[in-house]
Structures are given as C-alpha cells and as structure tokens.
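Undergrad: Quick one: structure below, then a few questions.
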Amino acid sequence: MTSVIDRNAFEDLKQMAGADFIDELIDTFLEDAPQLMIQLQAALASNDAESFRRAAHSLKSNAASFGANHLSGLAKELETLGRENKLTEVGGRLRALEEAYQTAARELKGMA
Amino acid sequence: MNSMHESGRILVVDDNKVNRLLLTHGLEQQGHLVETAENGRQALEKLRAGNFDLILLDIEMPELNGYQTLEACMRDPSLRDMPVIMTSSLDELDSVIKCVEMGAEDYLVKPLNPTLLRARITASLEKKRLRDQQRKLFRTFANDQVADQLLREGFSLGGKYVDASVMFADIRSFTSLSEAREPQEIIELLNNYFALMFDAITGHGGIVNQIEGDGLMAVFGTPIQRADHCEQSVRAALEMLELLKGFNQEQAALNKPQIKIGIGIAAGRMISGYTGTQHHATFTCVGDTVNLASRIEDHTKIAARPILIDRNTREKLDARIEVEALGPVLFKGKSIPVEVFAVKPV
C-alpha cells in the first residue's frame, strides 16, 4: 500500500509534540476530523457557506500538520468554494474527502 | 530545555484543538508556561487578567479573529508592547502582512516547523526582555507623569522643534579630603549624589536624559510641554544646591569627600526626539540652545558661581529669584558674545 502521509511533515510534528505525545495528538485529530466532516455536510445542507469554509479550513490545517497532504488539498478546495460562496459546485468532493480521510486515518493509526 | 533559551509565559490563541494541544505541549517541552484561548474574545480576557510575555495568534477564528484581536491589543496601552506572533496557513499571507504592518512582531506558517518555532519564540522573548529593560531604565530617568505619557505615545523615533530649557550639571571638585579613595566609595558617592539631583530635577518636571561620568543633562518643557520650563529649571537648580548642602554636611560628619557643582541653563528652540534604533533609543535634545547650556555650565568655573543661565531663561523668571547680570561672554565656537546671568543661591 502506498503511503499518503508525508514522513517529513510527520517527523516535524513528532519532534514538536514530543514522541510521547504524538499518540494523543493523533487521537485528537481522529476524533475531530469526523466532527468537521459532519459540520461540512450540515453546512452544505443548509447552504451556510461561512460555516462550511470554517470547517474546511480547520480540516485543511490539521491534515497538513500530520502530513496528510492529499486530504489537506481536498479540504483546501472546499474552503475556497465556501469562501467564494459556491457550495453548489461541491458535488462529489465531500465523498472524495471522506475517502481520503479514511485512508489517511488508517495509516495514522498504524503509526501510533 | 536548553538553558540558553529564555522561558516565558505564552498565550496560544487558536480555535483548532489539534493546534492548541500541539503548541501547548511543544512549548511546555521547551520550558515555557503556556495558556490557551479558543478565540480572540477569550484571549483578550486572559491577556488583561495576567502577565504574558508573548502571544501566538491564529488569524482564522470565530467570534473575534486574529486581525481584530491584534487591533484590540494595539489599542490597549497595557497590551501594546506585548510581542504577537501570527500563526497562519500559507494562503493567508496577505492577512499576515496586514498584521505585521499593524504591529505584529513576526509570523509562523502552519504546519509549523519546529526549528523556526523555537527560533522565532526565542527572538521575540529576547526583544520583549530588552524592551522591558528599556522601559524600566526609562522610568528611572523621568518622573511617572512623563514616563506614562511617553509610554502612551510610544517610542517612535523622530524629532520635532520644541521650546524648552536645558540644564547641564557637573561636579567641579572633590574637596576636603586628599587621601586616595577606594573605587567603591567613589561610586557610592556618585550614586548618592545622582539620586539627590534626580529628585530635584524630576520634582520640577524635568527629565534627566544623559549621565556621563560625573555630569548630567536634563531637559524641562519636553517631551511634555509646559510654559514655565525656565522657572522650573532654575528652581530645580536651586534645590540641587540645597540638597547638596545637606549632603556635604553629612559627608563632612563622616569624614568623607564633599562635592561642588556647576549648573548651566539655556532656553529656547531645540530639536527633541528619540535617537537610536527601535530597540535601543534614548530621548534627547540637540541644537544651539543645548550647546549654549553646555558652554554656560563650563563657564561656572571661570565665573566662580554655581548657577549660570542665559538671557532667555532669565527673562522668564519670577522676580523673587535673585539674578545678577555678569555681562556678555564670548564662548568658543560662537561669533557673538552671549549675556550670562548668575542665579543667587537661596
């Protein structure tokens, strides 16, 4: 299986957090990210572009911290759509985001 | 923690839990004390309640975002000097630039690089420490009223023309004891002497802006303008002589050396402002009036009078202060003679 986690970024994170703390940080990310995706769904359903943008922004930032660059890139696209008030163009992107998250989450769990 | 690094109290402001945890844990490992806030409103509450050395401020936040929070800090005199490091993603750099223009110390791009994080924090804490030191030093140079006004207005470099009085004072001689003195005793003597002179000067609204060896320079009427700066400077000089009289009596009783001083004062237009760099500035005045005050002070040796003043100062004095005209004196570097007046000690 090919890796979706950028090892350099992950090592930076580990160095900053401390090796004994990285597990807790991964757990926090894995608890928060599904919440953010629920927020994205809800914001899309109610056409709340601002709340959509905010949730996408947080997911983008956290994914980047863990080196989940693909996931972060998808979240960034959603953030842009939110900022430009173009939620009608979201289409299949949320599903792609969900899949990218599952892949990244599996790999991160293995690294804990 | 590397002992070379300064530790500080840091407020981490971020709505993102992962970022808060990461920064808190990371910075605590580096020996800092860390508190967190989830948005700008919470941050301002914590900042106003406690002493922090540094803020790490996220831009994108609900309630009060980083930009608005920074704006509030800059408007608050008690928070204005606290270094703020903005944390943002790469695509928020436009906002970061606005923040730096508004007064943020520096910025860090997320995801954070551990080496950069450490370097920026160390540098900002060091700058904060220097600023605090400068501020403390400044407080010792001016009375509270002057210091407060300056702290409110900030330390912007630059100058302006002001109408003010300048005083120079020097120790003329160490008398009555011929035997060699211990260095420690001389320094103690100077410190006691300066403490008294500062009292007299700041008590009359002046600010001592330079000390060199046994001499000092003080200004009256700037940076806070006051119409009676001539009167105040001369009254300060008279009080300096009074205090010195008492000081010399004590010294004599202890069989310690006594001091004589000369004081020169000139008034008029001069340039006043801060010189130096952003991180090490002193308040000073320059111009012909300042040079004249220095020459007049030097002339006290020849005139054998403790307080000499120029015509500008003399004209603004209360009639109750006794003054004697000594006639015109041609000072080195001046093309025309200058009238000099001696103020009679009380």
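Chain labels run A, B, ... following the order of the structure tokens; each chain numbers its residues from 1, and ligands are numbered from 1 in the order shown.
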For range 42-50 of chain A, list every protein, DNA or RNA residue within 6 Å, evaluated using only C-alpha atoms, and leave out those in the same chain fewer than 2 positions away; present the list as a PyMOL selection string.

TA: chain A and resi 39-40+52-53+82+85

Undergrad: Select all residues from chain B having any atom no more than 6 Å from an atom of chain A (counting only C-alpha atoms, ignoring ligands), output as a list in words.

TA: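 Result: Leu22, His25, Gly26, Pro111 and Pro114 of chain B.
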
Undergrad: Deliver the residues from the most recent selection as a file, using N, CA and C atoms, as a short mmCIF file (atom, residue, chain, number, x, y, z; two decimals), in the first residue's frame.

TA:
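Wrote it out as part-v3.cif, contents follow:
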```
data_model
loop_
_atom_site.label_atom_id
_atom_site.label_comp_id
_atom_site.auth_asym_id
_atom_site.auth_seq_id
_atom_site.Cartn_x
_atom_site.Cartn_y
_atom_site.Cartn_z
N LEU B 22 -0.92 20.83 20.29
CA LEU B 22 0.43 20.71 19.74
C LEU B 22 1.32 21.83 20.28
N HIS B 25 1.86 21.58 24.22
CA HIS B 25 2.81 20.54 24.62
C HIS B 25 4.22 20.86 24.15
N GLY B 26 4.32 21.31 22.89
CA GLY B 26 5.63 21.62 22.31
C GLY B 26 6.35 22.73 23.08
N PRO B 111 1.64 24.18 8.35
CA PRO B 111 2.13 23.46 9.52
C PRO B 111 3.45 24.02 10.02
N PRO B 114 9.40 22.96 13.59
CA PRO B 114 9.85 23.05 14.99
C PRO B 114 11.05 23.97 15.19
#
```

Undergrad: Report, in Å with one decimal, the straight-line distance from CA of Arg20 in chain B to CA of Ser95 in chain B.

TA: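 So the two atoms, CA of Arg20 in chain B and CA of Ser95 in chain B, lie 20.7 Å apart.
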